[in-house]
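Participant: Got a structure here, written out as structure tokens. Questions coming.
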Amino acid sequence: MLESLKSLTEEELLIIGRVLIEKMDSLHSKIQDDTATSIDKANLDFSNEIFALAKNRIHVQKNEKLAEKDKDIWVEKTSDSHNPHIRLHGGLMEDDPPQG
């Protein structure tokens with residue numbers, strides 16, 4: 001399964017992202033309606049973490065592009081071998097770049 005995920009196109013990844021956001025909206029709604037199960041809550045927590053990691057990756061890439069244009073902007077990545085980290089829930093979690 002993991003190998004087939006690595007061969008996804010940009011369009012397929014975009015669709016997966018949209019479905020993830022739709023599912024997050026649905027889970028938020030269940031929580032607001034007080035109909036969410038413990039599994040729903042765990043799935044929402046996991047989805048929120050994935051969403052936060054993705055947003056972090058987007059901001060890092062934008063900042064790195066600006067830095068490449070000699071803009072005065074802070075970037076966490078200090079070399080090609082260094083991967084930025086995201087701070088979630090008071091800790092550090094490595095945000096590995098996509099392989100492939």
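Chain labels follow the order of the structure tokens: the first chain is A, the next B, and so on; residue numbering restarts at 1 in every chain, and ligands are counted from 1 in their shown order.
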Need the shell around segment 36-52 of chain A: protein/DNA/RNA residues with any atom at most 8 Å away, counting only C-alpha atoms. Skip same-chain ones fewer than 4 positions apart. Format as a list in words?

Facilitator: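 Non-adjacent residues within range: Leu20, Met24, Leu27, His28, Lys30, Ile31, Asn56 and Leu88 of chain A.
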
Participant: Can you tell me how far atom CA of Ser26 of chain A sits from atom CA of Leu14 of chain A, in Å to one decimal?

Facilitator: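 Between atom CA of Ser26 of chain A and atom CA of Leu14 of chain A the gap is 18.5 Å.
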
Participant: At what distance in Å, to one decimal, does atom CA of Gly17 of chain A lie from atom CA of Ile58 of chain A?

Facilitator: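 So the answer is 13.2 Å.
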